[in-house]
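model_23.csv, holding CSV, N, CA and C atoms:
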chain,number,residue,atom,x,y,z
A,116,MET,N,-9.4,78.1,-42.2
A,116,MET,CA,-8.4,77.1,-42.6
A,116,MET,C,-8.0,76.2,-41.5
A,117,LEU,N,-7.8,76.7,-40.3
A,117,LEU,CA,-7.4,75.9,-39.1
A,117,LEU,C,-8.6,74.9,-38.8
A,118,LEU,N,-9.8,75.4,-39.0
A,118,LEU,CA,-10.9,74.5,-38.7
A,118,LEU,C,-11.0,73.3,-39.6
A,119,VAL,N,-10.7,73.5,-40.9
A,119,VAL,CA,-10.6,72.5,-41.9
A,119,VAL,C,-9.6,71.5,-41.5
A,120,ILE,N,-8.4,71.9,-41.1
A,120,ILE,CA,-7.3,71.0,-40.8
A,120,ILE,C,-7.7,70.3,-39.5
A,121,ALA,N,-8.3,70.9,-38.5
A,121,ALA,CA,-8.7,70.2,-37.3
A,121,ALA,C,-9.7,69.2,-37.6
A,122,LEU,N,-10.7,69.5,-38.5
A,122,LEU,CA,-11.7,68.5,-38.9
A,122,LEU,C,-11.1,67.3,-39.6
A,123,LEU,N,-10.1,67.5,-40.5
A,123,LEU,CA,-9.4,66.5,-41.2
A,123,LEU,C,-8.6,65.6,-40.2
A,124,LEU,N,-8.0,66.2,-39.3
A,124,LEU,CA,-7.2,65.4,-38.3
A,124,LEU,C,-8.2,64.6,-37.4
A,125,ALA,N,-9.3,65.1,-37.0
A,125,ALA,CA,-10.3,64.4,-36.2
A,125,ALA,C,-10.8,63.2,-37.0
A,126,GLY,N,-11.2,63.5,-38.3
A,126,GLY,CA,-11.7,62.4,-39.1
A,126,GLY,C,-10.7,61.3,-39.3
A,127,GLY,N,-9.4,61.7,-39.5
A,127,GLY,CA,-8.4,60.7,-39.7
A,127,GLY,C,-8.2,59.8,-38.4
A,128,CYS,N,-8.2,60.5,-37.3
A,128,CYS,CA,-8.1,59.8,-36.0
A,128,CYS,C,-9.3,58.8,-35.8
A,129,ALA,N,-10.4,59.3,-36.1
A,129,ALA,CA,-11.6,58.4,-36.0
A,129,ALA,C,-11.5,57.2,-36.9
A,130,ALA,N,-11.0,57.4,-38.1
A,130,ALA,CA,-10.9,56.3,-39.1
A,130,ALA,C,-9.9,55.2,-38.6
A,131,VAL,N,-8.8,55.7,-38.0
A,131,VAL,CA,-7.7,54.8,-37.5
A,131,VAL,C,-8.3,54.0,-36.3
A,132,PHE,N,-9.0,54.7,-35.4
A,132,PHE,CA,-9.6,54.1,-34.3
A,132,PHE,C,-10.6,53.0,-34.7
A,133,ALA,N,-11.4,53.3,-35.7
A,133,ALA,CA,-12.5,52.4,-36.2
A,133,ALA,C,-11.8,51.1,-36.8
A,134,LEU,N,-10.7,51.3,-37.5
A,134,LEU,CA,-10.0,50.2,-38.1
A,134,LEU,C,-9.4,49.3,-37.0
A,135,PHE,N,-8.8,49.9,-36.0
A,135,PHE,CA,-8.2,49.2,-34.9
A,135,PHE,C,-9.3,48.4,-34.1
A,136,ALA,N,-10.4,49.1,-33.8
A,136,ALA,CA,-11.5,48.4,-33.1
A,136,ALA,C,-12.0,47.2,-33.9
A,137,ASN,N,-12.1,47.3,-35.2
A,137,ASN,CA,-12.5,46.2,-36.1
A,137,ASN,C,-11.6,45.0,-36.0
A,138,GLU,N,-10.2,45.3,-36.0
A,138,GLU,CA,-9.2,44.2,-36.0
A,138,GLU,C,-9.3,43.5,-34.6
A,139,VAL,N,-9.5,44.3,-33.5
A,139,VAL,CA,-9.6,43.7,-32.2
A,139,VAL,C,-10.8,42.8,-32.1
A,140,SER,N,-11.9,43.3,-32.7
A,140,SER,CA,-13.1,42.5,-32.7
A,140,SER,C,-13.0,41.2,-33.4
A,141,LYS,N,-12.3,41.2,-34.6
A,141,LYS,CA,-12.1,40.0,-35.4
A,141,LYS,C,-11.2,39.0,-34.6
A,142,GLU,N,-10.2,39.5,-34.0
A,142,GLU,CA,-9.3,38.7,-33.2
A,142,GLU,C,-10.0,38.0,-32.0
A,143,SER,N,-10.9,38.8,-31.4
A,143,SER,CA,-11.6,38.2,-30.2
A,143,SER,C,-12.6,37.1,-30.6
A,144,GLU,N,-13.0,37.1,-31.9
A,144,GLU,CA,-13.9,36.0,-32.3
A,144,GLU,C,-13.2,34.8,-33.0
A,145,ARG,N,-11.9,35.0,-33.2
A,145,ARG,CA,-11.1,33.9,-33.8
A,145,ARG,C,-10.9,32.7,-32.8
A,146,THR,N,-11.0,31.5,-33.3
A,146,THR,CA,-10.7,30.3,-32.5
A,146,THR,C,-9.3,29.9,-32.8
A,147,ALA,N,-8.5,29.6,-31.8
A,147,ALA,CA,-7.2,29.2,-31.9
A,147,ALA,C,-7.1,27.7,-31.4
A,148,THR,N,-6.2,26.9,-32.0
A,148,THR,CA,-5.9,25.6,-31.6
A,148,THR,C,-4.6,25.7,-30.8
A,149,ILE,N,-4.6,25.2,-29.6
A,149,ILE,CA,-3.4,25.2,-28.7
A,149,ILE,C,-3.0,23.8,-28.5
A,150,ARG,N,-1.7,23.5,-28.8
A,150,ARG,CA,-1.2,22.1,-28.6
A,150,ARG,C,-0.1,22.1,-27.6
A,151,TYR,N,-0.3,21.4,-26.5
A,151,TYR,CA,0.6,21.2,-25.4
A,151,TYR,C,1.3,19.9,-25.6
A,152,GLU,N,2.6,19.9,-25.4
A,152,GLU,CA,3.4,18.6,-25.5
A,152,GLU,C,4.5,18.6,-24.5
A,153,VAL,N,4.7,17.4,-23.9
A,153,VAL,CA,5.9,17.2,-23.0
A,153,VAL,C,6.6,16.0,-23.5
A,154,THR,N,7.9,16.1,-23.8
A,154,THR,CA,8.6,14.9,-24.2
A,154,THR,C,9.8,14.8,-23.3
A,155,GLY,N,10.5,13.6,-23.4
A,155,GLY,CA,11.7,13.4,-22.6
A,155,GLY,C,11.8,12.0,-22.0
A,156,GLN,N,12.7,11.9,-21.1
A,156,GLN,CA,13.0,10.6,-20.5
A,156,GLN,C,12.7,10.8,-19.0
A,157,ALA,N,11.5,10.6,-18.6
A,157,ALA,CA,11.1,10.8,-17.1
A,157,ALA,C,9.8,10.1,-16.9
A,158,GLY,N,9.6,9.7,-15.7
A,158,GLY,CA,8.4,9.1,-15.3
A,158,GLY,C,7.9,9.8,-14.0
A,159,GLY,N,6.6,9.7,-13.7
A,159,GLY,CA,6.0,10.2,-12.5
A,159,GLY,C,6.1,11.8,-12.5
A,160,VAL,N,5.9,12.4,-13.7
A,160,VAL,CA,6.0,13.9,-13.7
A,160,VAL,C,4.6,14.4,-13.5
A,161,ALA,N,4.6,15.7,-13.0
A,161,ALA,CA,3.4,16.5,-12.9
A,161,ALA,C,3.3,17.5,-13.9
A,162,ILE,N,2.2,17.6,-14.6
A,162,ILE,CA,2.0,18.6,-15.7
A,162,ILE,C,0.8,19.5,-15.3
A,163,THR,N,1.0,20.8,-15.4
A,163,THR,CA,-0.1,21.7,-15.2
A,163,THR,C,-0.2,22.6,-16.4
A,164,TYR,N,-1.4,22.8,-16.9
A,164,TYR,CA,-1.6,23.7,-18.1
A,164,TYR,C,-2.8,24.5,-17.9
A,165,SER,N,-2.8,25.7,-18.5
A,165,SER,CA,-3.9,26.6,-18.4
A,165,SER,C,-4.1,27.3,-19.8
A,166,THR,N,-5.4,27.7,-20.0
A,166,THR,CA,-5.7,28.4,-21.2
A,166,THR,C,-6.7,29.5,-20.9
A,167,TRP,N,-6.6,30.6,-21.5
A,167,TRP,CA,-7.6,31.7,-21.4
A,167,TRP,C,-8.6,31.5,-22.5
A,168,ARG,N,-9.9,31.5,-22.0
A,168,ARG,CA,-11.1,31.4,-22.9
A,168,ARG,C,-12.1,32.5,-22.6
A,169,GLY,N,-12.2,33.4,-23.5
A,169,GLY,CA,-13.3,34.4,-23.3
A,169,GLY,C,-13.1,35.2,-22.1
A,170,GLY,N,-11.8,35.5,-21.7
A,170,GLY,CA,-11.5,36.3,-20.5
A,170,GLY,C,-11.4,35.5,-19.2
A,171,ASP,N,-11.7,34.2,-19.2
A,171,ASP,CA,-11.5,33.3,-18.0
A,171,ASP,C,-10.4,32.3,-18.2
A,172,GLU,N,-9.6,32.1,-17.2
A,172,GLU,CA,-8.5,31.1,-17.3
A,172,GLU,C,-9.0,29.8,-16.8
A,173,SER,N,-8.8,28.7,-17.5
A,173,SER,CA,-9.1,27.4,-17.2
A,173,SER,C,-7.8,26.6,-16.9
A,174,ALA,N,-7.6,26.0,-15.7
A,174,ALA,CA,-6.4,25.3,-15.4
A,174,ALA,C,-6.7,23.8,-15.1
A,175,SER,N,-5.7,23.0,-15.5
A,175,SER,CA,-5.8,21.5,-15.2
A,175,SER,C,-4.5,21.0,-14.8
A,176,GLN,N,-4.5,19.9,-14.1
A,176,GLN,CA,-3.2,19.2,-13.7
A,176,GLN,C,-3.4,17.7,-13.8
A,177,VAL,N,-2.3,17.1,-14.3
A,177,VAL,CA,-2.2,15.6,-14.4
A,177,VAL,C,-1.0,15.2,-13.7
A,178,THR,N,-1.0,14.1,-12.9
A,178,THR,CA,0.2,13.7,-12.2
A,178,THR,C,0.5,12.3,-12.5
A,179,GLY,N,1.7,11.9,-12.2
A,179,GLY,CA,2.1,10.5,-12.4
A,179,GLY,C,2.3,10.1,-13.8
A,180,VAL,N,2.5,11.1,-14.7
A,180,VAL,CA,2.6,10.9,-16.1
A,180,VAL,C,3.9,10.3,-16.6
A,181,THR,N,3.9,9.4,-17.5
A,181,THR,CA,5.1,8.9,-18.2
A,181,THR,C,5.1,9.5,-19.5
A,182,LEU,N,6.2,10.0,-19.9
A,182,LEU,CA,6.3,10.8,-21.2
A,182,LEU,C,6.5,9.8,-22.4
A,183,PRO,N,6.0,10.3,-23.5
A,183,PRO,CA,5.5,11.6,-23.9
A,183,PRO,C,4.1,11.8,-23.6
A,184,TRP,N,3.7,13.1,-23.5
A,184,TRP,CA,2.3,13.5,-23.2
A,184,TRP,C,1.9,14.6,-24.1
A,185,SER,N,0.6,14.7,-24.5
A,185,SER,CA,0.2,15.8,-25.4
A,185,SER,C,-1.3,16.0,-25.1
A,186,LYS,N,-1.7,17.2,-25.4
A,186,LYS,CA,-3.1,17.7,-25.2
A,186,LYS,C,-3.4,18.8,-26.2
A,187,GLN,N,-4.6,18.8,-26.7
A,187,GLN,CA,-5.0,19.9,-27.6
A,187,GLN,C,-6.2,20.5,-27.1
A,188,GLU,N,-6.2,21.9,-27.2
A,188,GLU,CA,-7.4,22.7,-26.7
A,188,GLU,C,-7.8,23.7,-27.7
A,189,LYS,N,-9.0,24.1,-27.7
A,189,LYS,CA,-9.5,25.2,-28.5
A,189,LYS,C,-9.7,26.4,-27.6
A,190,ALA,N,-9.4,27.6,-28.1
A,190,ALA,CA,-9.6,28.8,-27.3
A,190,ALA,C,-10.1,29.9,-28.2
A,191,LYS,N,-11.1,30.6,-27.6
A,191,LYS,CA,-11.7,31.8,-28.4
A,191,LYS,C,-11.7,32.9,-27.4
A,192,GLY,N,-11.5,34.1,-27.9
A,192,GLY,CA,-11.5,35.3,-27.1
A,192,GLY,C,-10.2,36.1,-27.4
A,193,PHE,N,-10.1,37.3,-26.9
A,193,PHE,CA,-8.9,38.1,-27.2
A,193,PHE,C,-7.7,37.5,-26.6
A,194,LEU,N,-7.8,37.0,-25.3
A,194,LEU,CA,-6.7,36.4,-24.7
A,194,LEU,C,-6.8,34.9,-24.9
A,195,LYS,N,-5.7,34.3,-25.5
A,195,LYS,CA,-5.7,32.8,-25.8
A,195,LYS,C,-4.5,32.1,-25.2
A,196,GLY,N,-3.7,32.8,-24.5
A,196,GLY,CA,-2.5,32.2,-24.0
A,196,GLY,C,-2.7,31.4,-22.7
A,197,GLY,N,-1.7,31.2,-22.0
A,197,GLY,CA,-1.8,30.4,-20.7
A,197,GLY,C,-0.4,30.0,-20.3
A,198,THR,N,-0.3,28.9,-19.7
A,198,THR,CA,1.0,28.4,-19.2
A,198,THR,C,1.0,26.8,-19.2
A,199,LEU,N,2.1,26.2,-19.5
A,199,LEU,CA,2.3,24.8,-19.4
A,199,LEU,C,3.6,24.6,-18.6
A,200,SER,N,3.5,23.8,-17.5
A,200,SER,CA,4.7,23.5,-16.7
A,200,SER,C,4.7,22.1,-16.5
A,201,VAL,N,6.0,21.6,-16.4
A,201,VAL,CA,6.2,20.2,-16.1
A,201,VAL,C,7.2,20.1,-15.0
A,202,THR,N,6.9,19.3,-13.9
A,202,THR,CA,7.8,19.1,-12.8
A,202,THR,C,8.2,17.7,-12.7
A,203,LEU,N,9.5,17.4,-12.7
A,203,LEU,CA,10.0,16.1,-12.6
A,203,LEU,C,9.9,15.5,-11.2
A,204,GLY,N,9.8,14.2,-11.1
A,204,GLY,CA,9.7,13.6,-9.8
A,204,GLY,C,11.1,13.4,-9.1
A,205,PRO,N,11.2,12.6,-8.0
A,205,PRO,CA,12.4,12.4,-7.3
A,205,PRO,C,13.5,11.7,-8.1
A,206,ASP,N,13.1,10.9,-9.1
A,206,ASP,CA,14.0,10.1,-9.9
A,206,ASP,C,14.6,11.0,-11.0
A,207,GLY,N,14.2,12.2,-11.2
A,207,GLY,CA,14.8,13.1,-12.1
A,207,GLY,C,14.5,12.7,-13.6
A,208,GLY,N,15.5,12.9,-14.4
A,208,GLY,CA,15.3,12.7,-15.8
A,208,GLY,C,15.4,14.0,-16.6
A,209,THR,N,14.8,14.0,-17.8
A,209,THR,CA,14.8,15.2,-18.6
A,209,THR,C,13.4,15.4,-19.2
A,210,ALA,N,12.9,16.6,-19.3
A,210,ALA,CA,11.6,16.8,-19.9
A,210,ALA,C,11.6,18.2,-20.6
A,211,THR,N,11.0,18.2,-21.8
A,211,THR,CA,10.9,19.5,-22.5
A,211,THR,C,9.4,19.7,-22.8
A,212,CYS,N,9.0,20.9,-22.4
A,212,CYS,CA,7.6,21.3,-22.7
A,212,CYS,C,7.6,22.1,-24.0
A,213,SER,N,6.5,22.1,-24.7
A,213,SER,CA,6.3,22.8,-25.9
A,213,SER,C,4.9,23.2,-26.1
A,214,VAL,N,4.6,24.4,-26.4
A,214,VAL,CA,3.3,24.9,-26.7
A,214,VAL,C,3.3,25.6,-28.1
A,215,THR,N,2.3,25.2,-28.9
A,215,THR,CA,2.2,25.7,-30.2
A,215,THR,C,0.7,26.2,-30.4
A,216,VAL,N,0.6,27.5,-30.9
A,216,VAL,CA,-0.7,28.1,-31.1
A,216,VAL,C,-0.9,28.1,-32.6
A,217,ASP,N,-1.9,27.4,-33.1
A,217,ASP,CA,-2.2,27.3,-34.6
A,217,ASP,C,-0.9,26.7,-35.2
A,218,ASP,N,-0.4,27.4,-36.2
A,218,ASP,CA,0.8,26.9,-36.9
A,218,ASP,C,2.0,27.8,-36.6
A,219,GLY,N,1.9,28.5,-35.4
A,219,GLY,CA,3.0,29.4,-35.0
A,219,GLY,C,4.3,28.6,-34.5
A,220,ALA,N,5.3,29.3,-34.2
A,220,ALA,CA,6.5,28.8,-33.7
A,220,ALA,C,6.3,28.3,-32.2
A,221,PRO,N,6.7,27.1,-31.9
A,221,PRO,CA,6.5,26.7,-30.5
A,221,PRO,C,7.3,27.4,-29.5
A,222,LYS,N,6.8,27.5,-28.3
A,222,LYS,CA,7.5,28.0,-27.1
A,222,LYS,C,8.0,26.8,-26.4
A,223,THR,N,9.2,26.7,-26.0
A,223,THR,CA,9.8,25.5,-25.4
A,223,THR,C,10.6,25.9,-24.2
A,224,ALA,N,10.8,24.9,-23.3
A,224,ALA,CA,11.7,25.0,-22.1
A,224,ALA,C,12.0,23.6,-21.7
A,225,THR,N,13.2,23.4,-21.1
A,225,THR,CA,13.6,22.1,-20.7
A,225,THR,C,14.0,22.1,-19.2
A,226,ALA,N,13.8,20.9,-18.6
A,226,ALA,CA,14.1,20.7,-17.2
A,226,ALA,C,14.9,19.4,-17.1
A,227,SER,N,15.9,19.3,-16.2
A,227,SER,CA,16.5,18.1,-16.0
A,227,SER,C,17.0,18.0,-14.5
A,228,GLY,N,16.8,16.8,-13.9
A,228,GLY,CA,17.2,16.6,-12.5
A,228,GLY,C,16.0,16.4,-11.7
A,229,ALA,N,16.2,15.9,-10.5
A,229,ALA,CA,15.2,15.7,-9.5
A,229,ALA,C,14.4,17.0,-9.2
A,230,PHE,N,13.1,16.9,-9.3
A,230,PHE,CA,12.2,18.0,-8.9
A,230,PHE,C,12.4,19.3,-9.7
A,231,ALA,N,13.0,19.2,-10.9
A,231,ALA,CA,13.2,20.3,-11.7
A,231,ALA,C,11.9,20.7,-12.5
A,232,THR,N,11.7,21.9,-12.8
A,232,THR,CA,10.5,22.4,-13.5
A,232,THR,C,10.9,23.2,-14.7
A,233,ALA,N,10.1,22.9,-15.8
A,233,ALA,CA,10.2,23.7,-17.0
A,233,ALA,C,8.9,24.4,-17.2
A,234,VAL,N,8.9,25.6,-17.6
A,234,VAL,CA,7.7,26.4,-17.8
A,234,VAL,C,7.7,27.0,-19.2
A,235,CYS,N,6.6,26.8,-19.9
A,235,CYS,CA,6.4,27.4,-21.2
A,235,CYS,C,5.2,28.4,-21.1
A,236,SER,N,5.5,29.7,-21.3
A,236,SER,CA,4.4,30.7,-21.2
A,236,SER,C,4.7,31.8,-22.2
A,237,GLY,N,3.8,32.7,-22.3
A,237,GLY,CA,4.0,33.9,-23.2
A,237,GLY,C,3.5,33.5,-24.6
A,238,PHE,N,2.7,32.5,-24.8
A,238,PHE,CA,2.1,32.2,-26.1
A,238,PHE,C,0.7,32.8,-26.2
A,239,PHE,N,0.4,33.1,-27.5
A,239,PHE,CA,-1.0,33.7,-27.8
A,239,PHE,C,-1.6,33.1,-28.9
Encoded form using structure tokens:
Amino acid sequence: MLLVIALLLAGGCAAVFALFANEVSKESERTATIRYEVTGQAGGVAITYSTWRGGDESASQVTGVTLPWSKQEKAKGFLKGGTLSVTLGPDGGTATCSVTVDDGAPKTATASGAFATAVCSGFF
């Protein structure tokens, strides 16, 4: 009787593991659209953004930007997140960064004042 119970438990665990592995595999093959946006009243800002693609992080920077600014990227792999940061110049102003993955809720942050930085991270 104990052997039957042990076999049923082992089979159940194997089935749960197989289901989990299948979901992870499907997610790693899914392509996500990531939209980076920076809005506000500022000139001469520096924007840095990164995206994970297939286990590798790709980072880019643009400087001397007058707002608004936006960029759209495609990412595939289990990790699809990254970081968007905006740093204001010596004249200050206000800037809000926003990152949206597919149709999800945006991650946002705001900076104001000379050399202030806003960072949007933790998106997937």
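The nearest approach to Tyr151 of chain A among the residues A:Ser185, A:Ser165, A:Thr202, A:Gln176, with only N, CA and C atoms taken into account, belongs to A:Ser185.
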With a distance cut-off of 7 Å and only N, CA and C atoms, select the neighbouring residues of Ala224 of chain A, excluding the residue or stretch itself and same-chain residues fewer than 4 positions from it, and output the selection as a PyMOL selection string. chain A and resi 210-214+233-235
Please provide the set of residues having any atom within 8 Å of Phe230 of chain A, restricted to all atoms listed in the file, with same-chain residues fewer than 4 positions apart removed, written as a list in words. Val201, Thr202, Leu203, Gly204, Pro205, Asp206, Gly207, Gly208 and Ala226 of chain A
Of the candidates A:Val216, A:Lys222, A:Thr209, A:Ser175, which shows the shortest atom-to-atom distance to Ala157 of chain A, using all atoms listed in the file?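 So, comparing all the options, the nearest one is A:Thr209.
Atom CA of Ser227 of chain A is positioned 22.5 Å from atom CA of Gly197 of chain A.
Among the candidate residues A:Val160, A:Leu199, A:Ile149, A:Ala220, the one lying nearest to Lys186 of chain A is A:Ile149, with distances computed using all atoms listed in the file.
Note that atom N of Gly159 of chain A and atom N of Gly237 of chain A are 24.7 Å apart.
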Kindly indicate which residue among A:Asp218, A:Thr154, A:Arg145, A:Ser200 lies nearest to Leu182 of chain A, using only N, CA and C atoms for the distances.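 Closest residue, counting only N, CA and C atoms: A:Thr154.
Atom to atom, atom C of Gly228 of chain A and atom CA of Ala174 of chain A stand 24.4 Å apart.
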Sphere at (4.0, 11.8, -15.1), radius 5 Å, counting all atoms listed in the file: residues as a PDB file with N, CA and C atoms, keeping the file's coordinate frame:
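Result written to selection33.pdb:
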ATOM      1  N   GLY A 158       9.600   9.700 -15.700  1.00  0.00           N
ATOM      2  CA  GLY A 158       8.400   9.100 -15.300  1.00  0.00           C
ATOM      3  C   GLY A 158       7.900   9.800 -14.000  1.00  0.00           C
ATOM      4  N   GLY A 159       6.600   9.700 -13.700  1.00  0.00           N
ATOM      5  CA  GLY A 159       6.000  10.200 -12.500  1.00  0.00           C
ATOM      6  C   GLY A 159       6.100  11.800 -12.500  1.00  0.00           C
ATOM      7  N   VAL A 160       5.900  12.400 -13.700  1.00  0.00           N
ATOM      8  CA  VAL A 160       6.000  13.900 -13.700  1.00  0.00           C
ATOM      9  C   VAL A 160       4.600  14.400 -13.500  1.00  0.00           C
ATOM     10  N   ALA A 161       4.600  15.700 -13.000  1.00  0.00           N
ATOM     11  CA  ALA A 161       3.400  16.500 -12.900  1.00  0.00           C
ATOM     12  C   ALA A 161       3.300  17.500 -13.900  1.00  0.00           C
ATOM     13  N   THR A 178      -1.000  14.100 -12.900  1.00  0.00           N
ATOM     14  CA  THR A 178       0.200  13.700 -12.200  1.00  0.00           C
ATOM     15  C   THR A 178       0.500  12.300 -12.500  1.00  0.00           C
ATOM     16  N   GLY A 179       1.700  11.900 -12.200  1.00  0.00           N
ATOM     17  CA  GLY A 179       2.100  10.500 -12.400  1.00  0.00           C
ATOM     18  C   GLY A 179       2.300  10.100 -13.800  1.00  0.00           C
ATOM     19  N   VAL A 180       2.500  11.100 -14.700  1.00  0.00           N
ATOM     20  CA  VAL A 180       2.600  10.900 -16.100  1.00  0.00           C
ATOM     21  C   VAL A 180       3.900  10.300 -16.600  1.00  0.00           C
ATOM     22  N   THR A 181       3.900   9.400 -17.500  1.00  0.00           N
ATOM     23  CA  THR A 181       5.100   8.900 -18.200  1.00  0.00           C
ATOM     24  C   THR A 181       5.100   9.500 -19.500  1.00  0.00           C
TER      25      THR A 181
END
Pick from A:Thr198, A:Thr232, A:Ala190, A:Thr223 nearest to Glu144 of chain A, counting all atoms listed in the file: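 Closest to Glu144 of chain A, using all atoms listed in the file: A:Ala190.
Considering the residues A:Met116, A:Ser236, A:Glu188, A:Thr166 and counting only C-alpha atoms, Asp217 of chain A has its shortest atom-to-atom contact with A:Glu188.
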